[in-house]
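A short worksheet on the structure shown next.
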Protein chains: 2
Amino acid sequence: MSGRKYAIGVDFGTESGRAVLVDVTDGREVTTAVYPYANGVIDERLPGTDILLEADWALQDPQDYIDVFKNTIPAVLEESGEDPENVIGLGIDFTACTVLPTKADGTPLCTLPDYRQNPHAWVKLWKHHAAQPEANKLNEIAATLGYDFLSRYGGKISSEWLVPKVWQILDEAPEVYEAADRFIEAADWVVWQLTGVETRNNCTAGYKAIWSKKDGYPPKEFFKALDPRLENLVDEKLSREIAYLGERAGNLTLEAAGWTGLKPGTAVAVANVDAHVSVPAAGVAEVGRMVIIMGTSNCHMLLGDQERIVPGMCGYVEDGIIPGYFGYEAGQSCVGDHFAWFTENCVPEFYEQEAVIKGVDIHTSLEEKAAALSPGESGLLALDWWNGNRSILVDVDLTGLLIGQTLATKPEDIYRTLIEATAYGTRIIIESFEDSGIPVKEIVATGGLPDRNRLLMQIYADVTGREIKVAAAKQTPALGSAMFGAVAAGKAAGGYGSIYEASQVMAHLRDEVYVPNPEHKEIYNKLYAEYKLLHDYFGRGENDVMKRLKGIRAEVRQNKSEAVRG
Amino acid sequence: MSGRKYAIGVDFGTESGRAVLVDVTDGREVTTAVYPYANGVIDERLPGTDILLEADWALQDPQDYIDVFKNTIPAVLEESGEDPENVIGLGIDFTACTVLPTKADGTPLCTLPDYRQNPHAWVKLWKHHAAQPEANKLNEIAATLGYDFLSRYGGKISSEWLVPKVWQILDEAPEVYEAADRFIEAADWVVWQLTGVETRNNCTAGYKAIWSKKDGYPPKEFFKALDPRLENLVDEKLSREIAYLGERAGNLTLEAAGWTGLKPGTAVAVANVDAHVSVPAAGVAEVGRMVIIMGTSNCHMLLGDQERIVPGMCGYVEDGIIPGYFGYEAGQSCVGDHFAWFTENCVPEFYEQEAVIKGVDIHTSLEEKAAALSPGESGLLALDWWNGNRSILVDVDLTGLLIGQTLATKPEDIYRTLIEATAYGTRIIIESFEDSGIPVKEIVATGGLPDRNRLLMQIYADVTGREIKVAAAKQTPALGSAMFGAVAAGKAAGGYGSIYEASQVMAHLRDEVYVPNPEHKEIYNKLYAEYKLLHDYFGRGENDVMKRLKGIRAEVRQNKSEAVRG
């Protein structure tokens, strides 16, 4: 017996779940195991049936989540050779809002024969976008009736969030709504399965279910205004009892111990969200340092010690990231996706061949070429709205723009410009925070991009004028979950008294720091001024051409599909 | 002896010269021969020397022009088997403004040993752009002093034209200016070589040398204001004696008869310009039908029976295309070049592979994909300014724009959008004419593109709302030159009394007509309204971001090259 203590973090992603066994004394990621969901993202037909799903649907199978526990935790234990006795705590994080209807005992409706063939009985994944009509109605009603909770969410409740998704069930499958005793975040549901205790974490409640520590949920009158049948949604099918990040949700049941090989009674932390749990895992538990999770999209997480209305945020929640702070979240809906789109659709054959000859992938090859350019040398500028604008304009109907092309424009000019555009998008978010009195002195990056693209990191430093550090963890969310597992276990068991303490010991940054280049920063200041001008012109209603083009496209496509149907 | 009569047209292009033997009775192109210039476009070093040319320089060797006559005319005669006796006339057309300094007898300065190593002694090709500083000064001085000839040229004299090019010689090589007895268009110079007679055609004088039938050249005071040494430029080194299109410049000399195998005394027409000579060859010798020469760029030629100031024209010249009419010229500087840029820089590898599998070239493959889209379906819009805007904004510093991209945007969406953008550019030119009282009822297309891209032709019809016919000739400019050759020969010799008569008989249109699709037209009306909004916003000074980006780029490049030099 080694005397060392361990915690396990389980990170539930979109396609798979991943467990990491972490050394509590130093945050070392000892072993990792991944389990790809057998049913993956369900967006074409219901498993085992011929039932087709409509466009914008995205479901999951809750059994896949249980199978993550059954497969990955035994694997990390076995590979490490550690005694489960030394695993003091378990934490999980999840995509959100990913929500399912269950019976009162937690049984998912989709596992019951009566409902198995009803798509609305399954888990609605975060990227299920078919509740847009409900989101639109909700926003209109809330604005008309003057509910000020909208201001906590950049003025709009997303179709991805809990109330629109539940309302869609009521609209389209009232029998499922009726049969559901509970609507619960998958994050909380898996903790329920581990502990036998139903909890509701304050992070998803706050960011996804219009709850706040100060005001709770919106009043019954609001829900009644949406639909009289929703009047008692909170009391009947949600819960006003909220568990806080950093608390212990419960202890591992005998059954869950059997799934995992862990000891019954092991501490299980209150559930968390993948982005939010990354903040302490990136070593940030204080104001002034922004964590950016950089991947297909960017998620900006920031702590404030005061409540501020920041224009264009995704949301802010008291204690929503780290207890004692207001946790602010902003986002860019298209970052890595931009570069993936570009390499898939815009890179000529001889660039691909050149990359093969050089023996590197096309992203690396493009990065090399783009890195040889100086800021401003391409003569190009882009608006990074290929997938709409999340912050600070909160407008999914905005689209992309590229300006400045000449016959001499090369693919690497465009590639670099797309990177720069996402950096300007981050800068405008930072300025929105600072203008609202929340300082951003430094950036810590995590996610997939910082590892893969040094040019991008340097451009972000140059554009934002801030030093950027990079979180050391290979699996930042899982590390964060393990840290919360160690906090749930508590000091006496060898864990920590607070996430702040855990972060001090278990989270690390790499030695490398991206420092702004003063000359580049100066040129980028000029380019950013141009970006802002176009941002406001196209994004704030002066010329709504992007929306009109989308409208024309929608009309043309509808006519075309009607013509096809005959 | 067949009794049929023939004329020969020689078309001097940028890379080669081409002769076509044409049957005068029906315009049939009997035989064709091409001679690529041995020295091509001279833009790196002076032939036979180590003398490097600066950026933006483009020269030619006049010997290459003579070699065109020597090689192509004997070839078309031989291939046809016709007796030179039956060739009644010869016409030529040339790129313009392509200009050279000569001695009083027509000897090019660059053929004299004293000047052979001086780049300024050679032919300055139309696309020699190194006289931009002189053009800028000229425009400023003309505007300041209130010379109204600017209004004939869209407000600006181009650096491609005669006066800036001559002034550059004076600025940079006063010894060449001094030694030159004549500065003459290459078009007129080759006619001089054929006939022994120096003529100056009214087409290049009008479109390229600031001359007009009504006002002649600008006054001496103007030239003096440019540079006192230029005061007597017109009288000393140009000529006030102007020959008109449709006239006979002279008769073939014995020497030229030796080069060509034609009979001495054969009628030679006054020289013409490639674009302008295409108008009667496209069957247009009346008002209301616009000829568009569609190639790497678009050239729009239109006849009017009244003098009008049309905003943003390249120029208009009385009798400049067809005697008796005002010939209006407008242009788009980037059309085929757009698509070439796109296929070279933006088409992914698997598209290329797919084209190979289908056994078609990439343009054809893209056209097929783009043709499957409906107007408006891409959701995209572009400004076609990759190479600046010639008409109607007359601004070389404008650059491209693409708006509306999403993650679903495909290469064919962009390709079709670029085609549409050039069609909007043509429509804005048409509307500029009509707003000024010059009707455009129908379009006749010629050039390389109409043959190669049916989708493009249909889009132009749909966007402009006008029927488009296509000239039947394989070599429209050479046919036009042969027609002028037949007119120079005159009726008595078996030719024609006017270019109008020749056009009636010798010019033909294809049977196919591109007719606007009413549904497409309606959608394009909406998209065109968006195009105009962006056109005016970015093109008329409301947001000069394109110029500022160019300015930043220029500064960055300069700093970079200084840093390299150390």
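In the structure tokens, the first chain shown is A, the next is B, and so on; residue numbers restart at 1 for each chain, and ligands run from 1 in the order shown.
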Next on the checklist: Residues of chain B within 7 Å of chain A, counting only C-alpha atoms, what are they? List them as number ranges by chain.
Outcome noted: B: 341, 344-349, 376-380, 386-387, 399-407, 410-411, 530, 545-546, 549-550, 552-553, 556-557
- Task: Considering only C-alpha atoms, return as JSON, numbers by chain whatever protein or nucleic-acid residues lie within 8 Å of Gly89 (chain A), sequence-local ones (same chain, fewer than 6 positions apart) excluded.
- Result: {"A": [6, 7, 8, 266, 267, 268, 269, 482, 485, 486, 487, 488, 489]}
query = Contacts of region 152-162 of chain A at 6 Å or less, counting only C-alpha atoms, minus same-chain residues fewer than 3 places along, as a PyMOL selection string?
reply = chain A and resi 97+126+131-132+135+149+165+208-209+311-315
Export of the given selection (N, CA and C atoms) as a PDB file, in the first residue's frame:
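Output saved as again.pdb:
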```pdb
ATOM      1  N   CYS A  97     -26.722  21.859 -21.836  1.00  0.00           N
ATOM      2  CA  CYS A  97     -27.798  21.189 -21.138  1.00  0.00           C
ATOM      3  C   CYS A  97     -28.135  19.891 -21.871  1.00  0.00           C
ATOM      4  N   TRP A 126     -27.094  18.238 -25.657  1.00  0.00           N
ATOM      5  CA  TRP A 126     -26.919  19.709 -25.669  1.00  0.00           C
ATOM      6  C   TRP A 126     -27.183  20.293 -27.048  1.00  0.00           C
ATOM      7  N   ALA A 131     -35.840  22.695 -30.405  1.00  0.00           N
ATOM      8  CA  ALA A 131     -36.734  23.455 -29.528  1.00  0.00           C
ATOM      9  C   ALA A 131     -36.642  24.955 -29.801  1.00  0.00           C
ATOM     10  N   GLN A 132     -36.165  25.299 -31.002  1.00  0.00           N
ATOM     11  CA  GLN A 132     -36.028  26.723 -31.316  1.00  0.00           C
ATOM     12  C   GLN A 132     -37.368  27.471 -31.280  1.00  0.00           C
ATOM     13  N   ALA A 135     -37.992  28.227 -27.751  1.00  0.00           N
ATOM     14  CA  ALA A 135     -37.064  29.254 -27.246  1.00  0.00           C
ATOM     15  C   ALA A 135     -37.497  30.633 -27.718  1.00  0.00           C
ATOM     16  N   PHE A 149     -34.583  38.335 -15.674  1.00  0.00           N
ATOM     17  CA  PHE A 149     -33.593  37.249 -15.732  1.00  0.00           C
ATOM     18  C   PHE A 149     -32.910  37.184 -17.093  1.00  0.00           C
ATOM     19  N   LYS A 165     -36.392  22.846 -24.026  1.00  0.00           N
ATOM     20  CA  LYS A 165     -36.394  21.401 -24.335  1.00  0.00           C
ATOM     21  C   LYS A 165     -37.574  20.697 -23.667  1.00  0.00           C
ATOM     22  N   LYS A 208     -28.243  26.870 -17.198  1.00  0.00           N
ATOM     23  CA  LYS A 208     -29.106  26.253 -18.206  1.00  0.00           C
ATOM     24  C   LYS A 208     -30.581  26.212 -17.845  1.00  0.00           C
ATOM     25  N   ALA A 209     -30.914  26.482 -16.576  1.00  0.00           N
ATOM     26  CA  ALA A 209     -32.320  26.320 -16.174  1.00  0.00           C
ATOM     27  C   ALA A 209     -32.909  27.583 -15.537  1.00  0.00           C
ATOM     28  N   PRO A 311     -22.812  42.794 -21.216  1.00  0.00           N
ATOM     29  CA  PRO A 311     -23.569  42.575 -22.454  1.00  0.00           C
ATOM     30  C   PRO A 311     -23.068  41.356 -23.223  1.00  0.00           C
ATOM     31  N   GLY A 312     -24.003  40.550 -23.678  1.00  0.00           N
ATOM     32  CA  GLY A 312     -23.663  39.470 -24.599  1.00  0.00           C
ATOM     33  C   GLY A 312     -23.057  38.233 -23.979  1.00  0.00           C
ATOM     34  N   MET A 313     -23.202  38.065 -22.674  1.00  0.00           N
ATOM     35  CA  MET A 313     -22.705  36.846 -22.064  1.00  0.00           C
ATOM     36  C   MET A 313     -23.640  35.675 -22.350  1.00  0.00           C
ATOM     37  N   CYS A 314     -23.093  34.442 -22.230  1.00  0.00           N
ATOM     38  CA  CYS A 314     -23.957  33.268 -22.230  1.00  0.00           C
ATOM     39  C   CYS A 314     -24.706  33.195 -20.909  1.00  0.00           C
ATOM     40  N   GLY A 315     -24.065  33.683 -19.862  1.00  0.00           N
ATOM     41  CA  GLY A 315     -24.729  33.674 -18.568  1.00  0.00           C
ATOM     42  C   GLY A 315     -23.725  33.901 -17.455  1.00  0.00           C
TER      43      GLY A 315
END
```
Skipping near chain neighbours, those fewer than 4 positions away, what residues fall within 9 Å of Tyr524 (chain B) using only C-alpha atoms, listed as a list in words?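 Listed by chain and then number, they are Pro375, Gly376, Glu420, Tyr424, Asp462, Val463, Thr464, Glu519, His520, Tyr528 and Ala529 of chain B.
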Filtering to N, CA, C and O atoms, could you give me those residues as a PDB file, in the first residue's frame?
```
ATOM      1  N   PRO B 375     -30.567  30.231 -57.767  1.00  0.00           N
ATOM      2  CA  PRO B 375     -30.156  31.568 -57.330  1.00  0.00           C
ATOM      3  C   PRO B 375     -30.556  31.771 -55.870  1.00  0.00           C
ATOM      4  O   PRO B 375     -31.659  31.392 -55.475  1.00  0.00           O
ATOM      5  N   GLY B 376     -29.672  32.341 -55.097  1.00  0.00           N
ATOM      6  CA  GLY B 376     -29.976  32.620 -53.687  1.00  0.00           C
ATOM      7  C   GLY B 376     -29.751  31.454 -52.762  1.00  0.00           C
ATOM      8  O   GLY B 376     -29.748  31.620 -51.546  1.00  0.00           O
ATOM      9  N   GLU B 420     -21.878  35.275 -60.144  1.00  0.00           N
ATOM     10  CA  GLU B 420     -22.998  36.204 -59.944  1.00  0.00           C
ATOM     11  C   GLU B 420     -22.498  37.624 -59.678  1.00  0.00           C
ATOM     12  O   GLU B 420     -23.067  38.602 -60.183  1.00  0.00           O
ATOM     13  N   TYR B 424     -23.551  41.063 -61.462  1.00  0.00           N
ATOM     14  CA  TYR B 424     -24.063  42.290 -60.829  1.00  0.00           C
ATOM     15  C   TYR B 424     -23.235  43.492 -61.284  1.00  0.00           C
ATOM     16  O   TYR B 424     -23.770  44.586 -61.506  1.00  0.00           O
ATOM     17  N   ASP B 462     -30.066  36.244 -66.539  1.00  0.00           N
ATOM     18  CA  ASP B 462     -31.003  36.332 -65.411  1.00  0.00           C
ATOM     19  C   ASP B 462     -30.766  37.600 -64.589  1.00  0.00           C
ATOM     20  O   ASP B 462     -31.707  38.246 -64.142  1.00  0.00           O
ATOM     21  N   VAL B 463     -29.499  37.930 -64.366  1.00  0.00           N
ATOM     22  CA  VAL B 463     -29.181  39.083 -63.516  1.00  0.00           C
ATOM     23  C   VAL B 463     -29.488  40.394 -64.235  1.00  0.00           C
ATOM     24  O   VAL B 463     -30.032  41.327 -63.641  1.00  0.00           O
ATOM     25  N   THR B 464     -29.146  40.461 -65.527  1.00  0.00           N
ATOM     26  CA  THR B 464     -29.353  41.731 -66.238  1.00  0.00           C
ATOM     27  C   THR B 464     -30.779  41.845 -66.765  1.00  0.00           C
ATOM     28  O   THR B 464     -31.208  42.928 -67.155  1.00  0.00           O
ATOM     29  N   GLU B 519     -38.313  33.687 -62.891  1.00  0.00           N
ATOM     30  CA  GLU B 519     -38.188  33.407 -61.444  1.00  0.00           C
ATOM     31  C   GLU B 519     -36.799  33.749 -60.924  1.00  0.00           C
ATOM     32  O   GLU B 519     -36.637  34.305 -59.843  1.00  0.00           O
ATOM     33  N   HIS B 520     -35.805  33.373 -61.712  1.00  0.00           N
ATOM     34  CA  HIS B 520     -34.430  33.683 -61.311  1.00  0.00           C
ATOM     35  C   HIS B 520     -34.213  35.192 -61.256  1.00  0.00           C
ATOM     36  O   HIS B 520     -33.571  35.713 -60.352  1.00  0.00           O
ATOM     37  N   TYR B 528     -29.351  41.651 -56.033  1.00  0.00           N
ATOM     38  CA  TYR B 528     -28.686  42.814 -56.620  1.00  0.00           C
ATOM     39  C   TYR B 528     -28.875  44.053 -55.735  1.00  0.00           C
ATOM     40  O   TYR B 528     -27.963  44.882 -55.604  1.00  0.00           O
ATOM     41  N   ALA B 529     -30.044  44.151 -55.117  1.00  0.00           N
ATOM     42  CA  ALA B 529     -30.263  45.282 -54.200  1.00  0.00           C
ATOM     43  C   ALA B 529     -29.261  45.217 -53.046  1.00  0.00           C
ATOM     44  O   ALA B 529     -28.727  46.255 -52.616  1.00  0.00           O
TER      45      ALA B 529
END
```
Within 8 Å of Asp188 (chain A), counting only C-alpha atoms, which residues show up once you throw out same-chain ones fewer than 4 positions away? Write them as a JSON list (two decimals) with N, CA and C atoms, in the first residue's frame, please.
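Saved file result-v4.json follows:
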```json
[["chain", "number", "residue", "atom", "x", "y", "z"],
["A", 184, "ILE", "N", -34.30, 15.92, -15.62],
["A", 184, "ILE", "CA", -33.04, 16.09, -14.89],
["A", 184, "ILE", "C", -31.86, 16.13, -15.86],
["A", 192, "TRP", "N", -26.86, 10.55, -9.48],
["A", 192, "TRP", "CA", -27.98, 9.84, -8.85],
["A", 192, "TRP", "C", -27.76, 8.32, -8.96],
["A", 198, "GLU", "N", -30.86, 11.89, -5.47],
["A", 198, "GLU", "CA", -31.11, 12.88, -6.52],
["A", 198, "GLU", "C", -30.61, 14.23, -6.06],
["A", 199, "THR", "N", -29.65, 14.78, -6.78],
["A", 199, "THR", "CA", -29.22, 16.16, -6.49],
["A", 199, "THR", "C", -29.38, 16.97, -7.77],
["A", 200, "ARG", "N", -29.38, 18.28, -7.62],
["A", 200, "ARG", "CA", -29.42, 19.21, -8.78],
["A", 200, "ARG", "C", -28.27, 20.19, -8.57],
["A", 201, "ASN", "N", -27.29, 20.13, -9.42],
["A", 201, "ASN", "CA", -26.13, 21.01, -9.20],
["A", 201, "ASN", "C", -26.44, 22.45, -9.57],
["A", 270, "VAL", "N", -20.83, 16.62, -6.18],
["A", 270, "VAL", "CA", -21.94, 17.20, -6.94],
["A", 270, "VAL", "C", -21.48, 17.38, -8.39],
["A", 271, "ALA", "N", -22.38, 17.10, -9.32],
["A", 271, "ALA", "CA", -22.03, 17.11, -10.75],
["A", 271, "ALA", "C", -21.62, 18.50, -11.24]]
```
Next item on the list: May I have the residues within 10 Å of Ser365 (chain A) as a list in words, using only C-alpha atoms and disregarding those fewer than 4 positions away in the same chain?
Entry: Tyr351, Glu352, Glu354, Ala355, Val356, Lys358, Gly359, Val360, Asp361, Lys369, Ala370, Ala371 and Glu412 of chain A
Within 9 Å of Leu449 (chain A) using only C-alpha atoms, minus same-chain residues under 2 positions, as an NGL selection string
:A and (293-296 or 336 or 445-447 or 451-454 or 456-457)
File of the preceding selection, N, CA, C and O atoms, as a PDB file, in the first residue's frame:
```
ATOM      1  N   ILE A 293     -11.405  27.851 -23.036  1.00  0.00           N
ATOM      2  CA  ILE A 293     -11.361  26.463 -23.484  1.00  0.00           C
ATOM      3  C   ILE A 293     -11.485  26.505 -24.992  1.00  0.00           C
ATOM      4  O   ILE A 293     -12.529  26.902 -25.535  1.00  0.00           O
ATOM      5  N   MET A 294     -10.389  26.178 -25.664  1.00  0.00           N
ATOM      6  CA  MET A 294     -10.308  26.386 -27.109  1.00  0.00           C
ATOM      7  C   MET A 294     -10.423  25.063 -27.834  1.00  0.00           C
ATOM      8  O   MET A 294      -9.539  24.207 -27.725  1.00  0.00           O
ATOM      9  N   GLY A 295     -11.487  24.931 -28.587  1.00  0.00           N
ATOM     10  CA  GLY A 295     -11.667  23.715 -29.366  1.00  0.00           C
ATOM     11  C   GLY A 295     -12.456  24.046 -30.606  1.00  0.00           C
ATOM     12  O   GLY A 295     -12.182  25.048 -31.257  1.00  0.00           O
ATOM     13  N   THR A 296     -13.459  23.229 -30.938  1.00  0.00           N
ATOM     14  CA  THR A 296     -14.289  23.555 -32.090  1.00  0.00           C
ATOM     15  C   THR A 296     -14.912  24.934 -31.895  1.00  0.00           C
ATOM     16  O   THR A 296     -15.074  25.693 -32.827  1.00  0.00           O
ATOM     17  N   GLY A 336     -12.237  26.231 -33.805  1.00  0.00           N
ATOM     18  CA  GLY A 336     -11.632  25.107 -34.527  1.00  0.00           C
ATOM     19  C   GLY A 336     -12.473  24.720 -35.740  1.00  0.00           C
ATOM     20  O   GLY A 336     -11.937  24.304 -36.775  1.00  0.00           O
ATOM     21  N   ALA A 445      -5.166  29.167 -21.267  1.00  0.00           N
ATOM     22  CA  ALA A 445      -5.836  28.416 -22.325  1.00  0.00           C
ATOM     23  C   ALA A 445      -5.817  26.933 -22.026  1.00  0.00           C
ATOM     24  O   ALA A 445      -4.873  26.418 -21.426  1.00  0.00           O
ATOM     25  N   THR A 446      -6.879  26.290 -22.434  1.00  0.00           N
ATOM     26  CA  THR A 446      -6.926  24.836 -22.354  1.00  0.00           C
ATOM     27  C   THR A 446      -7.762  24.352 -23.529  1.00  0.00           C
ATOM     28  O   THR A 446      -8.170  25.140 -24.368  1.00  0.00           O
ATOM     29  N   GLY A 447      -7.974  23.049 -23.625  1.00  0.00           N
ATOM     30  CA  GLY A 447      -8.707  22.516 -24.775  1.00  0.00           C
ATOM     31  C   GLY A 447      -7.752  21.960 -25.816  1.00  0.00           C
ATOM     32  O   GLY A 447      -6.533  21.901 -25.596  1.00  0.00           O
ATOM     33  N   ASP A 451      -2.564  22.935 -27.904  1.00  0.00           N
ATOM     34  CA  ASP A 451      -1.549  21.937 -28.196  1.00  0.00           C
ATOM     35  C   ASP A 451      -1.177  21.906 -29.659  1.00  0.00           C
ATOM     36  O   ASP A 451      -0.057  21.570 -30.017  1.00  0.00           O
ATOM     37  N   ARG A 452      -2.169  22.203 -30.508  1.00  0.00           N
ATOM     38  CA  ARG A 452      -1.992  21.912 -31.916  1.00  0.00           C
ATOM     39  C   ARG A 452      -1.531  23.097 -32.741  1.00  0.00           C
ATOM     40  O   ARG A 452      -1.097  22.931 -33.865  1.00  0.00           O
ATOM     41  N   ASN A 453      -1.664  24.302 -32.214  1.00  0.00           N
ATOM     42  CA  ASN A 453      -1.433  25.458 -33.063  1.00  0.00           C
ATOM     43  C   ASN A 453      -0.778  26.605 -32.302  1.00  0.00           C
ATOM     44  O   ASN A 453      -1.439  27.456 -31.721  1.00  0.00           O
ATOM     45  N   ARG A 454       0.549  26.627 -32.330  1.00  0.00           N
ATOM     46  CA  ARG A 454       1.297  27.659 -31.604  1.00  0.00           C
ATOM     47  C   ARG A 454       1.075  29.035 -32.223  1.00  0.00           C
ATOM     48  O   ARG A 454       1.074  30.051 -31.534  1.00  0.00           O
ATOM     49  N   LEU A 456      -1.637  30.167 -33.556  1.00  0.00           N
ATOM     50  CA  LEU A 456      -2.904  30.661 -33.020  1.00  0.00           C
ATOM     51  C   LEU A 456      -2.704  31.254 -31.620  1.00  0.00           C
ATOM     52  O   LEU A 456      -3.196  32.347 -31.310  1.00  0.00           O
ATOM     53  N   MET A 457      -1.951  30.587 -30.794  1.00  0.00           N
ATOM     54  CA  MET A 457      -1.748  31.083 -29.434  1.00  0.00           C
ATOM     55  C   MET A 457      -1.028  32.429 -29.452  1.00  0.00           C
ATOM     56  O   MET A 457      -1.381  33.345 -28.715  1.00  0.00           O
TER      57      MET A 457
END
```
### Query
Mind checking DSSP for region 488-529 of chain B and telling me the alpha helix (DSSP H) residues as a PyMOL selection string?
chain B and resi 488-489+499-506+518-529
Dump of N, CA and C atoms for the selected residues, as a JSON list (two decimals), in the first residue's frame:
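Output (selection-v8.json):
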```json
[["chain", "number", "residue", "atom", "x", "y", "z"],
["B", 488, "ALA", "N", -11.75, 49.23, -96.35],
["B", 488, "ALA", "CA", -10.65, 50.03, -96.90],
["B", 488, "ALA", "C", -10.49, 49.77, -98.40],
["B", 489, "ALA", "N", -10.72, 48.53, -98.82],
["B", 489, "ALA", "CA", -10.63, 48.18, -100.24],
["B", 489, "ALA", "C", -11.74, 48.87, -101.04],
["B", 499, "ILE", "N", -18.47, 50.18, -92.79],
["B", 499, "ILE", "CA", -18.40, 49.06, -91.84],
["B", 499, "ILE", "C", -19.81, 48.56, -91.52],
["B", 500, "TYR", "N", -20.79, 49.45, -91.61],
["B", 500, "TYR", "CA", -22.18, 49.03, -91.39],
["B", 500, "TYR", "C", -22.58, 47.98, -92.42],
["B", 501, "GLU", "N", -22.28, 48.25, -93.67],
["B", 501, "GLU", "CA", -22.57, 47.27, -94.73],
["B", 501, "GLU", "C", -21.81, 45.96, -94.52],
["B", 502, "ALA", "N", -20.54, 46.10, -94.20],
["B", 502, "ALA", "CA", -19.73, 44.89, -93.99],
["B", 502, "ALA", "C", -20.30, 44.05, -92.87],
["B", 503, "SER", "N", -20.71, 44.73, -91.80],
["B", 503, "SER", "CA", -21.23, 44.03, -90.64],
["B", 503, "SER", "C", -22.51, 43.27, -90.97],
["B", 504, "GLN", "N", -23.35, 43.88, -91.81],
["B", 504, "GLN", "CA", -24.62, 43.25, -92.21],
["B", 504, "GLN", "C", -24.38, 41.89, -92.88],
["B", 505, "VAL", "N", -23.27, 41.83, -93.64],
["B", 505, "VAL", "CA", -23.01, 40.63, -94.45],
["B", 505, "VAL", "C", -22.05, 39.66, -93.77],
["B", 506, "MET", "N", -21.02, 40.22, -93.17],
["B", 506, "MET", "CA", -19.91, 39.36, -92.71],
["B", 506, "MET", "C", -20.03, 38.90, -91.26],
["B", 518, "PRO", "N", -37.70, 34.19, -65.62],
["B", 518, "PRO", "CA", -38.39, 35.20, -64.80],
["B", 518, "PRO", "C", -38.28, 34.95, -63.29],
["B", 519, "GLU", "N", -38.31, 33.69, -62.89],
["B", 519, "GLU", "CA", -38.19, 33.41, -61.44],
["B", 519, "GLU", "C", -36.80, 33.75, -60.92],
["B", 520, "HIS", "N", -35.80, 33.37, -61.71],
["B", 520, "HIS", "CA", -34.43, 33.68, -61.31],
["B", 520, "HIS", "C", -34.21, 35.19, -61.26],
["B", 521, "LYS", "N", -34.77, 35.86, -62.24],
["B", 521, "LYS", "CA", -34.60, 37.31, -62.31],
["B", 521, "LYS", "C", -35.13, 37.98, -61.05],
["B", 522, "GLU", "N", -36.26, 37.47, -60.59],
["B", 522, "GLU", "CA", -36.88, 38.06, -59.40],
["B", 522, "GLU", "C", -35.99, 37.90, -58.16],
["B", 523, "ILE", "N", -35.42, 36.70, -58.01],
["B", 523, "ILE", "CA", -34.51, 36.49, -56.87],
["B", 523, "ILE", "C", -33.26, 37.35, -57.04],
["B", 524, "TYR", "N", -32.76, 37.40, -58.26],
["B", 524, "TYR", "CA", -31.56, 38.20, -58.48],
["B", 524, "TYR", "C", -31.82, 39.69, -58.27],
["B", 525, "ASN", "N", -33.03, 40.13, -58.49],
["B", 525, "ASN", "CA", -33.34, 41.53, -58.17],
["B", 525, "ASN", "C", -33.10, 41.81, -56.69],
["B", 526, "LYS", "N", -33.52, 40.86, -55.86],
["B", 526, "LYS", "CA", -33.32, 41.03, -54.41],
["B", 526, "LYS", "C", -31.83, 41.01, -54.06],
["B", 527, "LEU", "N", -31.11, 40.08, -54.66],
["B", 527, "LEU", "CA", -29.69, 39.96, -54.35],
["B", 527, "LEU", "C", -28.91, 41.17, -54.88],
["B", 528, "TYR", "N", -29.35, 41.65, -56.03],
["B", 528, "TYR", "CA", -28.69, 42.81, -56.62],
["B", 528, "TYR", "C", -28.87, 44.05, -55.74],
["B", 529, "ALA", "N", -30.04, 44.15, -55.12],
["B", 529, "ALA", "CA", -30.26, 45.28, -54.20],
["B", 529, "ALA", "C", -29.26, 45.22, -53.05]]
```
- request: Would you mind telling me which residue in B:Pro219, B:Asn517, B:Ala121, B:Gly261 lies nearest to Pro74 (chain B) when using only C-alpha atoms?
  value: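 Closest residue, counting only C-alpha atoms: B:Gly261.
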Check your understanding: Between CA of Asn232 (chain B) and CA of Tyr115 (chain B), what is the distance, to one decimal in Å?
Key ->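 Between these atoms lies a distance of 23.1 Å.
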In region 391-447 of chain B, DSSP strand (DSSP E) residues written as a list in words:
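Put together, the selection reads Gly400, Leu401, Leu402, Ile403, Gly404, Gln405, Val440, Lys441, Glu442, Ile443, Val444, Ala445 and Thr446 of chain B.
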Exercise for review: Grab the CA of Arg466 (chain B) to CA of Met301 (chain B) distance for me, in Å with one decimal place.
Suggested key: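 These atoms are spaced 15.6 Å apart.
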Using CA of His535 (chain B) and CA of Ala421 (chain A) as the two end points, give the distance in Å to one decimal.
->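 Going from CA of His535 (chain B) over to CA of Ala421 (chain A) covers 22.8 Å.
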